[in-house]
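Visitor: Here it is, the structure, as C-alpha cells.
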Protein chains: 4
Amino acid sequence: MIYFNNDYAEGCHPKVLEALVKTNLEQTPGYGEDEFCRSAAEKIKKLCGRENLSVHFLVGGTQTNMTVIDAALRPHQGALCAVTGHINTHETGAVEATGHKVLTVPSDDGKITADQVRSYVTAHWADGAHEHLAQPKLVYISNPTELGTLYTCSELEKLSNTCRELGLYLFLDGARLGYGLMAKDNDVSMEDLSAFCDVFYIGGTKVGALFGEAVVFSNLKLAEDFRYLIKQHGAMLAKGRLLGVQFDALMTDNLYFEISAHADRLADRLRETFKKCGVPFLVENNTNQLFPILPDDVLDALSKTYVFCEQERVDESHRAVRFCTSWATKEENVTSLEKSLEELLKRK
Amino acid sequence: MIYFNNDYAEGCHPKVLEALVKTNLEQTPGYGEDEFCRSAAEKIKKLCGRENLSVHFLVGGTQTNMTVIDAALRPHQGALCAVTGHINTHETGAVEATGHKVLTVPSDDGKITADQVRSYVTAHWADGAHEHLAQPKLVYISNPTELGTLYTCSELEKLSNTCRELGLYLFLDGARLGYGLMAKDNDVSMEDLSAFCDVFYIGGTKVGALFGEAVVFSNLKLAEDFRYLIKQHGAMLAKGRLLGVQFDALMTDNLYFEISAHADRLADRLRETFKKCGVPFLVENNTNQLFPILPDDVLDALSKTYVFCEQERVDESHRAVRFCTSWATKEENVTSLEKSLEELLKRK
Amino acid sequence: MIYFNNDYAEGCHPKVLEALVKTNLEQTPGYGEDEFCRSAAEKIKKLCGRENLSVHFLVGGTQTNMTVIDAALRPHQGALCAVTGHINTHETGAVEATGHKVLTVPSDDGKITADQVRSYVTAHWADGAHEHLAQPKLVYISNPTELGTLYTCSELEKLSNTCRELGLYLFLDGARLGYGLMAKDNDVSMEDLSAFCDVFYIGGTKVGALFGEAVVFSNLKLAEDFRYLIKQHGAMLAKGRLLGVQFDALMTDNLYFEISAHADRLADRLRETFKKCGVPFLVENNTNQLFPILPDDVLDALSKTYVFCEQERVDESHRAVRFCTSWATKEENVTSLEKSLEELLKRK
Amino acid sequence: MIYFNNDYAEGCHPKVLEALVKTNLEQTPGYGEDEFCRSAAEKIKKLCGRENLSVHFLVGGTQTNMTVIDAALRPHQGALCAVTGHINTHETGAVEATGHKVLTVPSDDGKITADQVRSYVTAHWADGAHEHLAQPKLVYISNPTELGTLYTCSELEKLSNTCRELGLYLFLDGARLGYGLMAKDNDVSMEDLSAFCDVFYIGGTKVGALFGEAVVFSNLKLAEDFRYLIKQHGAMLAKGRLLGVQFDALMTDNLYFEISAHADRLADRLRETFKKCGVPFLVENNTNQLFPILPDDVLDALSKTYVFCEQERVDESHRAVRFCTSWATKEENVTSLEKSLEELLKRK
C-alpha cells in the first residue's frame with residue numbers, strides 16, 4: 001500500500017535522524033535546558049528577524065494548542081476560531097478540558113476574517129449581560145488551515161490589527177507551516193508571523209521531525225512562566241534536547257523550507273493531474289493537502305493500492321477525500337497515483 | 001563534566017536507536033495503531049503472563065500520571081500517596097490541574113503501607129461529613145520510589161488486598177521499574193505487578209528509550225475509552241510507532257532487564273565504596289539512586305568534575321545529594337568517581 | 001416601570017415566604033440533611049409516582065447544570081444540545097470550566113430531535129478516529145426550551161428511547177418546568193419526566209421560590225456520591241433547609257402548579273392580543289415567554305413604561321423581543337400592556 | 001435538643017428577615033445589579049474607610065473561596081495556607097477542581113506566619129527546577145481561623161508586607177469575621193482588613209444572614225471581570241437582590257457587629273465555666289467556637305440534651321469537641337449548658 005493519507009506516515013528526514021544518531025550518547029541537562037535547544041531557538045529568532053522572542057519546544061500539536069491557550073487565557077475567556085478549527089473538531093475537547101470554551105464562527109475555507117472577529121467581539125461587549133457569555137480573548141487560526149488554504153499577508157495583518165485594537169491575542173497554529181510558507185502564492189514570511197501574531201508555532205511533526213513543535217512568543221507577557229505550564233500539561237520532555245537537536249537540524253541550511261517545497265511541488269503536480277481529469281475540489285488551495293471530489297467507484301478502485309483520508313460525502317455517488325504529500329513523498333509514488341487516476345477517470 | 005545527576009542525560013540505548021533508524025522510512029498508520037505498538041504490547045503481555053491486559057504507550061511520566069489518574073477518578077475523588085510521591089512534589093500540580101486533589105500520608109522512605117491506606121480510608125468514611133472531604137479512591141505508589149526504595153512482594157500484595165477490600169484502585173508508577181526489578185533483593189516480578197495493580201507502567205524514558213512509558217491496565221474497566229483520554233491530554237503521539245519501535249526493542253532479548261541490571265550493578269559498586277568510606281545515606285536502598293550524606297567541602301570538590309543532584313541539607317556542614325547510575329553509565333566513570341571519593345574522604 | 005423582562009424580578013410567593021418566616025428560628029442540621037428537605041423530597045417522589053428516586057436541592061440553574069453534567073460524564077465526554085441550549089449560550093462556559101465540551105446541533109425552535117441525536121452519535125462512532133472527537137454521552141434539553149417551546153410526550157419518549165439505545169443519558173433542565181407543565185397543549189406529566197429522563201430538575205427560582213432547583217435522578221447510578229459533587233461545586237447551602245422549606249411549600253396543595261397556571265393564563269391573554277394586532281412571533285409557543293416581532297418605534301414607545309428583553313434584530317425596522325409573565329405578574333399590568341399595544345399598533 | 005454544634009442552625013436575624021419580607025414583591029433587575037446591592041456595597045466601603053473597593057456578593061463560603069482563588073491565579077499557581085485551612089480540609093477539593101494545588105505549611109493554632117510564607121516562597125524560587133513545582137502565588141488565611149484563633153493587627157501587617165514584597169496576594173476568608181472583630185482582645189478593624197488584604201470577605205451565612213458572603217477587593221486588578229467568574233462558577237444568584245437586602249440590613253445600625261458581640265459574650269461565659277471546672281482546651285481562643293477536652297462519659301451524658309461537634313480524640317478517655325455560639329444563641333440555653341457541665345464535672 002502507498003500512503004497518501006497524511007503527512008506523518010514516516011519517521012523523520014534523514015538529516016534529522018543523522019543529528020539524533022550523532023548526538024545520542026552526549027550527556028546534557030534535561031527539560032530543554034541544553035545547548036541544542038538554545039541553538040535551535042537562536043536560529044528561529046534569526047529567521048524571524050528579531051531577538052526579542054521567547055521560543056519553546058513541545059512534543060505535539062494538540063498539546064501545544066491546549067498549553068498555549070491555557071497559558072494565555074483567564075478562566076472565563078474563550079478561544080475564537082473557524083468552526084473547522086482543529087481545536088474545535090479534532091482534539092477530543094482538549095481546550096475545554098483546560099476549562100476554556102472554544103467559540104466559533106462559520107467558515108467555508110477554514111479561515112476566519114478580521115470582520116468576523118470584529119463583529120463577534122463587538123456583539124459580545126454590546127450584550128447587556130456579557131458576563132453570562134464566555135469572553136472572546138484569543139483568536140486561533142491555522143496556517144495552512146485544516147483545508148489547506150492560506151492567509152495572505154494582508155489578511156494576517158488585518159486580523160492582527162483587529163485583534164490588537166480589540167484587546168485579543170492572535171495565535172497561529174503552524175502544524176503545517178512549512179507547506180504554507182513554500183506554497184506557490186504564499187506572501188507571508190517568518191518575519192510577518194512574528195510581527196503579526198502574539199504567538200505561533202512551527203510544526204515539526206508533519207514537516208520532517210519525528211515529533212516536535214516550536215512555539216514562538218513575540219508577546220512576551222504570554223510567555224511568562226510558560227515553562228511551568230509546559231510541565232503542568234505533561235508537555236515537558238525529560239530529554240528535551242531531542243527537540244533541540246531536531247529543530248536545529250531543520251533550521252540548518254534551509255532544510256525545513258526545502259523539504260516543505262518538495263511536498264508542495266508534488267502536490268502541485270497531483271493538483272494539475274486532477275484538474276486535467278476534470279476532477280473538482282471541495283476547496284481550492286496550494287499546499288500539501290488536496291481535497292478532490294471523486295466518484296465512489298473510482299475511490300474504491302484506488303483504495304486497493306493507495307491509502308487516503310475520508311473527508312465528507314458530497315452526493316449519492318461522490319465523496320471528497322484527502323490526499324497529502326509530505327517531505328517524504330516519493331516522486332515515483334506520485335507518478336503511480338497519477339497513472340492510476342488517469343486510467344480510472346478516462347474510462348468514465 | 002561527568003553526569004551522575006539523573007538517569008536521562010543521554011539519548012537511547014544503541015539497540016533502540018538501531019531499531020528507530022531501521023524503520024525510519026516505513027509508512028505506518030498514526031497514533032499508535034501500528035504493528036510495532038501491537039508487537040510491543042504482545043511482548044509485554046507475555047512478560048506479565050496474561051493476555052487480558054490493555055497496553056498503551058505514552059510519552060512521559062507526568063503526562064502518564066495525570067492521564068491515568070484522570071481516567072480512573074470521578075471529579076470528587078483524590079489520589080492517595082506518600083507525601084514524597086512524585087505527583088505531590090514535582091509535577092507542578094498536574095494532577096490538580098485535571099481537578100483531583102492529591103491526598104498524602106507521611107513517609108520516611110517514600111513508601112506507603114497498607115495500614116496507612118486502611119486508616120486513611122476508614123477515617124474518611126467514619127467522618128459524618130465525608131462529602132465535605134475529597135474521597136480517596138486511588139492509591140499511587142512508585143516502585144522504585146522517589147527515594148530509590150522498593151516494595152517487597154508481600155507489601156505489594158497487602159496493599160493490593162487492602163485497596164480491593166476498600167474499593168480503591170492501585171496505580172504503580174514504574175518510571176524506574178527496570179532498576180527496581182533487577183535490584184539485588186527485589187522479589188517482585190512483572191506477573192506480580194499485573195496481578196496486584198489495577199494499572200502500572202513500565203518506564204522507558206529513564207531506562208534505555210529516548211522517551212516513552214508503557215501503561216498496563218489489568219483492571220480493564222479503567223482502560224475503557226483510554227485512547228480518548230490520551231488524546232485529550234495531549235499525550236497521543238502522531239507517530240505513535242516511535243513508542244512501539246522503542247518498546248519492542250527494549251522487550252526483545254531481555255534488553256530492558258539487562259541494561260537495568262547494568263545500572264544496578266554500578267550503583268552497588270558505588271554504594272560499597274561510600275560505605276567503605278564511612279559515608280551514611282539519607283535512605284538505604286538497592287536501586288540506581290544513591291543518597292549519600294557528605295561534607296560540604298567534599299561536595300564542592302566533587303562538583304568540579306561530577307554533576308549530581310542536591311537533595312537536602314542535613315546539618316550545618318553536610319548535605320544529602322543524589323548520584324544516579326543508568327543503562328548508559330560507563331564503568332570508567334564509576335571508577336573515576338570512586339577514586340575521587342576515596343581520595344577526598346581519606347584526607348578527612 | 002413595569003417589568004416583563006423576566007420571571008425572576010420579584011422575591012417569592014407569599015406562601016413560600018410565610019413558610020420561611022414561620023420556620024426561621026428553628027434549629028436544624030445543615031447541608032440539606034433536615035426534615036424540610038426530606039419532606040419536600042417525599043412530595044416530589046409522590047408527584048412522580050415512584051419511590052426509587054434520588055432528590056437533591058441546589059441553589060441556581062447554571063450551578064445545577066454544571067454539577068449534574070460533571071457528575072454524569074467522564075473527562076472526554078460531552079453534552080449534546082440544541083445550539084440555543086442555555087449551557088451553550090448563557091452560562092459563561094460553566095460546563096467547559098468543568099472540562100466538558102458542549103456539542104451542538106442546529107435548531108430553530110430550541111428543541112433537539114431523536115433523529116438529530118441518532119445521527120450525531122452514529123456519525124461519531126462511524127468516524128475511524130472517534131477518539132479524536134469529544135464523545136457524546138449526555139443529551140441536554142430544556143422544557144420549556146429557551147424559546148418557550150415544549151416537547152410533546154411522544155417526542156420525549158422517542159428521545160428517551162434513542163438515548164437509552166445509544167447509551168446516552170437524558171438530562172432535562174426544568175428551570176421553567178411549571179410553566180411548561182401547565183401550558184395549554186402540554187401532555188407531559190411529572191411521571192413522564194421521571195420515566196423518560198435519567199435526571200431532570202424542577203425549577204424554583206423562576207417559579208415562586210426565592211431560589212432553588214430540585215434535581216430528580218431516576219438513574220440512580222448518576223446520583224452516586226452526588227452530595228460530594230454538590231459540595232465540590234460550591235452548591236451546598238449551609239442552611240440547606242431553606243431549599244427544603246421552599247420546595248415543601250411549593251409542593252403543598254398544588255401551589256407550584258397553580259402559580260404556574262396563572263403565568264400561562266396571562267401569557268395566553270397577551271398572546272391573543274399580539275395576534276389580534278397582527279403581530280408575528282419569532283417562534284410560536286404556549287408558555288410564559290413571548291417573542292413578538294415589533295417595529296422599532298413601537299418598542300421605543302413601550303420602553304418608556306415597560307421593561308422587556310432584547311432578543312434579536314429581524315430586519316431594518318423590526319426587532320424580536322421577549323415579554324415574560326410569571327407567578328407574580330399582576331392582572332392589571334397585563335391589561336395596561338394590552339392597552340398600550342393596541343393603541344400603538346392601531347396607529348400604524 | 002439544643003444545638004451548639006455550629007453557627008448556622010437557624011435561619012436569619014429577625015431584622016434581616018423583616019427586610020426580606022418588606023421588599024419581597026418589589027421588582028428589581030437580576031444578578032446583583034439592583035439598588036439593594038449597591039446600597040450594601042456603599043455601606044461596606046464606608047466601614048472600610050475607602051471608596052476604591054470592588055464589592056461582590058456570593059452565596060456561600062466554599063463557592064467564594066474557589067471563585068476568588070480561581071480569579072486570582074494562573075493555572076500553575078497554588079494557594080498557600082495552614083494545613084488546617086478550610087480550603088485544604090473541608091471543601092471536597094473545590095480549589096483543586098478549578099485546577100489549583102493547595103500548598104500547606106504546618107500549624108498548631110490554625111494560623112500561618114509571615115516567616116512561614118517567606119521561607120516557603122524563598123525555597124520555591126531557590127529550587128533550580130522550580131517550574132516542576134506549583135508556584136505559590138496567594139496566601140489564604142481565615143480570621144477567625146478554623147480553630148477560632150485570631151490574627152493580631154501586627155501579624156496581619158507583617159503577612160501583608162511579606163506577601164507584597166514577594167509578589168503574592170493575601171486573601172482572608174472571613175466566614176466568621178464578625179465573631180473575630182468583636183472578640184475581647186481583637187485589635188483588627190475593617191480598615192485594617194481592606195488595607196492589608198488584596199481581597200477578603202465578610203461572612204453572612206454564619207453571622208445573621210440566611211446565606212451570603214460579601215467579597216471586598218482592594219486589589220482591583222484581581223476584581224477584573226470578576227462577574228464573569230461569579231457566573232461561570234454557578235455563584236451568580238438570579239435574584240441577587242436577596243444578598244443586597246440582607247447585607248444592607250446587616251450593615252445598618254451596626255447590626256452585624258452587635259449580633260456578633262452577642263455570640264462572643266456567650267462564648268466567653270461558657271469559656272469561663274469550662275475553666276472554672278478545670279476543663280482544658282485543644283486550643284485557646286476568644287471567639288465563638290470553643291474546643292474543650294472532656295471525658296467520654298461526660299460527653300455521652302451531654303449528648304442526650306445538646307448537639308455539639310466531634311473534633312478529635314485526645315486520649316483513650318477524652319475527646320476534644322466543638323461548641324459554637326452564634327447571633328441566635330439563647331442566654332437560657334447557655335445557662336442550661338453551664339448547669340449541666342457543672343453538675344457532670346462536679347461528680348468527677
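A note on labels: chains of the C-alpha cells are A, B, ... as shown, every chain counts residues from 1, and ligands are counted from 1 in their shown order.
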Could the residues of chain B that have an atom at most 6 Å from chain A be listed as a Markdown table, each with its closest atom pair and the distance in Å to one decimal, counting only C-alpha atoms and ordered by chain and ascending residue number?

Guide:
| residue | atom | partner | partner_atom | distance |
| --- | --- | --- | --- | --- |
| B:Ala9 | CA | A:Gln27 | CA | 4.8 |
| B:Glu10 | CA | A:Gln27 | CA | 4.9 |
| B:Gly11 | CA | A:Asn24 | CA | 4.6 |
| B:Asn24 | CA | A:Gly11 | CA | 4.6 |
| B:Leu25 | CA | A:Glu10 | CA | 5.1 |
| B:Glu26 | CA | A:Glu10 | CA | 5.6 |
| B:Gln27 | CA | A:Ala9 | CA | 4.8 |
| B:Thr28 | CA | A:Ala9 | CA | 5.2 |
| B:Thr62 | CA | A:Gly234 | CA | 5.2 |
| B:Gln63 | CA | A:Gly234 | CA | 4.1 |
| B:Thr92 | CA | A:Gln232 | CA | 5.1 |
| B:Ala94 | CA | A:Gln232 | CA | 4.6 |
| B:Gln232 | CA | A:Ala94 | CA | 4.6 |
| B:Gly234 | CA | A:Gln63 | CA | 4.1 |

Visitor: Excluding C:Gly180 and its own-chain neighbours fewer than 3 positions away, which residues fall within 7 Å of it when counting only C-alpha atoms? Please give them as a PDB file with N, CA, C and O atoms, in the first residue's frame.

Guide:
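Below is the file that was written, out11.pdb:
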ATOM      1  N   ASN C 143     -37.063  22.159  29.042  1.00  0.00           N
ATOM      2  CA  ASN C 143     -38.505  22.072  28.804  1.00  0.00           C
ATOM      3  C   ASN C 143     -39.233  22.881  29.867  1.00  0.00           C
ATOM      4  O   ASN C 143     -39.232  22.481  31.028  1.00  0.00           O
ATOM      5  N   PRO C 144     -39.852  24.016  29.495  1.00  0.00           N
ATOM      6  CA  PRO C 144     -39.805  24.642  28.186  1.00  0.00           C
ATOM      7  C   PRO C 144     -38.375  24.972  27.779  1.00  0.00           C
ATOM      8  O   PRO C 144     -37.517  25.152  28.633  1.00  0.00           O
ATOM      9  N   LEU C 150     -42.283  23.570  23.797  1.00  0.00           N
ATOM     10  CA  LEU C 150     -42.421  22.382  24.630  1.00  0.00           C
ATOM     11  C   LEU C 150     -42.209  21.101  23.829  1.00  0.00           C
ATOM     12  O   LEU C 150     -42.571  21.024  22.660  1.00  0.00           O
ATOM     13  N   ARG C 176     -37.943  26.340  34.026  1.00  0.00           N
ATOM     14  CA  ARG C 176     -39.307  26.895  33.933  1.00  0.00           C
ATOM     15  C   ARG C 176     -40.344  25.772  33.848  1.00  0.00           C
ATOM     16  O   ARG C 176     -41.375  25.903  33.173  1.00  0.00           O
ATOM     17  N   LEU C 177     -40.053  24.676  34.524  1.00  0.00           N
ATOM     18  CA  LEU C 177     -40.859  23.471  34.333  1.00  0.00           C
ATOM     19  C   LEU C 177     -42.358  23.700  34.561  1.00  0.00           C
ATOM     20  O   LEU C 177     -43.198  23.254  33.775  1.00  0.00           O
ATOM     21  N   ALA C 183     -49.015  24.503  30.592  1.00  0.00           N
ATOM     22  CA  ALA C 183     -49.331  25.163  29.325  1.00  0.00           C
ATOM     23  C   ALA C 183     -50.495  24.453  28.643  1.00  0.00           C
ATOM     24  O   ALA C 183     -50.709  23.245  28.817  1.00  0.00           O
ATOM     25  N   ASN C 186     -49.871  21.154  26.692  1.00  0.00           N
ATOM     26  CA  ASN C 186     -48.890  20.218  27.241  1.00  0.00           C
ATOM     27  C   ASN C 186     -49.515  18.848  27.527  1.00  0.00           C
ATOM     28  O   ASN C 186     -50.609  18.754  28.069  1.00  0.00           O
ATOM     29  N   THR C 287     -46.112  28.919  26.409  1.00  0.00           N
ATOM     30  CA  THR C 287     -45.686  29.068  27.806  1.00  0.00           C
ATOM     31  C   THR C 287     -45.534  30.546  28.173  1.00  0.00           C
ATOM     32  O   THR C 287     -46.059  31.417  27.472  1.00  0.00           O
TER      33      THR C 287
END

Visitor: Find the residues around D:Lys221 up to 10 Å (only C-alpha atoms counted), leave out those fewer than 6 positions away in its own chain, and share them as a tab-separated table (two decimals) with all heavy atoms, in the first residue's frame.

Guide:
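out08.tsv written:
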chain	number	residue	atom	x	y	z
D	54	SER	N	-13.87	47.06	45.28
D	54	SER	CA	-14.85	46.39	44.43
D	54	SER	C	-15.54	45.34	45.30
D	54	SER	O	-14.90	44.43	45.82
D	54	SER	CB	-14.13	45.75	43.24
D	54	SER	OG	-15.03	45.08	42.40
D	72	ALA	N	-7.88	34.74	40.84
D	72	ALA	CA	-6.60	35.37	41.12
D	72	ALA	C	-5.41	34.67	40.49
D	72	ALA	O	-4.40	35.30	40.18
D	72	ALA	CB	-6.38	35.45	42.63
D	198	ASP	N	-5.46	41.79	49.82
D	198	ASP	CA	-5.84	42.08	48.44
D	198	ASP	C	-7.32	41.86	48.27
D	198	ASP	O	-7.99	42.55	47.50
D	198	ASP	CB	-5.04	41.17	47.49
D	198	ASP	CG	-3.58	41.53	47.47
D	198	ASP	OD1	-3.22	42.49	46.76
D	198	ASP	OD2	-2.80	40.90	48.20

Visitor: I want to know what sits within 7 Å of D:Pro136, based on only C-alpha atoms, with residues of the same chain fewer than 2 positions away left out; could you give that as a ChimeraX atom specification?

Guide: /D:77-80,121,134,138

Visitor: Kindly indicate which residue among C:Glu331, C:Asp315, C:Glu224, C:Glu310 lies nearest to C:His262, using only C-alpha atoms for the distances.

Guide: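 Counting only C-alpha atoms, the residue closest to C:His262 is C:Glu331.
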
Visitor: Near C:Thr252, within 8 Å and counting only C-alpha atoms, which residues show up once chain neighbours fewer than 4 positions away are dropped, as a PDB file with C-alpha atoms, in the first residue's frame?

Guide:
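New file result_35.pdb:
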ATOM      1  CA  LYS C  43     -43.710  15.120  47.992  1.00  0.00           C
ATOM      2  CA  ASP C 248     -42.104  21.839  50.648  1.00  0.00           C
ATOM      3  CA  TYR C 256     -46.330  25.147  42.257  1.00  0.00           C
TER       4      TYR C 256
END

Visitor: List as a list in words the protein and nucleic acid residues near A:Val216, meaning an atom at most 7 Å away when only C-alpha atoms are counted, but skip any in the same chain fewer than 5 places from it.

Guide: Leu53, Ser54, Val55, His56, Val199, Phe200 and Tyr201 of chain A

Visitor: As a ChimeraX atom specification, please: every residue in stretch 44-95 of chain B that a backbone DSSP assignment puts in alpha helix (DSSP H).

Guide: /B:44-48,61-72,86-89,94-95

Visitor: Between A:Ser189, A:Ser154, A:Gln311, A:Ser39, which one has atoms that come closest to A:Phe281, using only C-alpha atoms?

Guide: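 Closest to A:Phe281 of all the choices is A:Gln311.
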
Visitor: Hey, can you check how far atom CA of A:Tyr169 sits from atom CA of A:Cys197?

Guide: 7.6 Å

Visitor: Give the answer as one residue: which of C:Gly110, C:Gly278, C:Gly208, C:Gly174 has the shortest atom-to-atom distance to C:Leu193, using only C-alpha atoms?

Guide: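 When distances to C:Leu193 are compared using only C-alpha atoms, the smallest one comes from C:Gly174.
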
Visitor: Based on the backbone DSSP call, show me all residues of stretch 199-313 of chain A assigned strand (DSSP E or B), as a list in words.

Guide: Val199, Phe200, Tyr201, Ile202, Gly203, Glu213, Ala214, Val215, Val216, Phe217, Phe281, Gln289, Leu290, Pro292, Ile293, Leu294, Pro295, Tyr306, Val307, Cys309, Glu310, Gln311, Glu312 and Arg313 of chain A

Visitor: Just checking: using only C-alpha atoms, which residue out of A:Lys45, A:His132, A:Lys22, A:Lys275 ends up closest to C:Asn88?

Guide: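 Going through A:Lys45, A:His132, A:Lys22, A:Lys275 one by one, the smallest distance to C:Asn88 is for A:His132.
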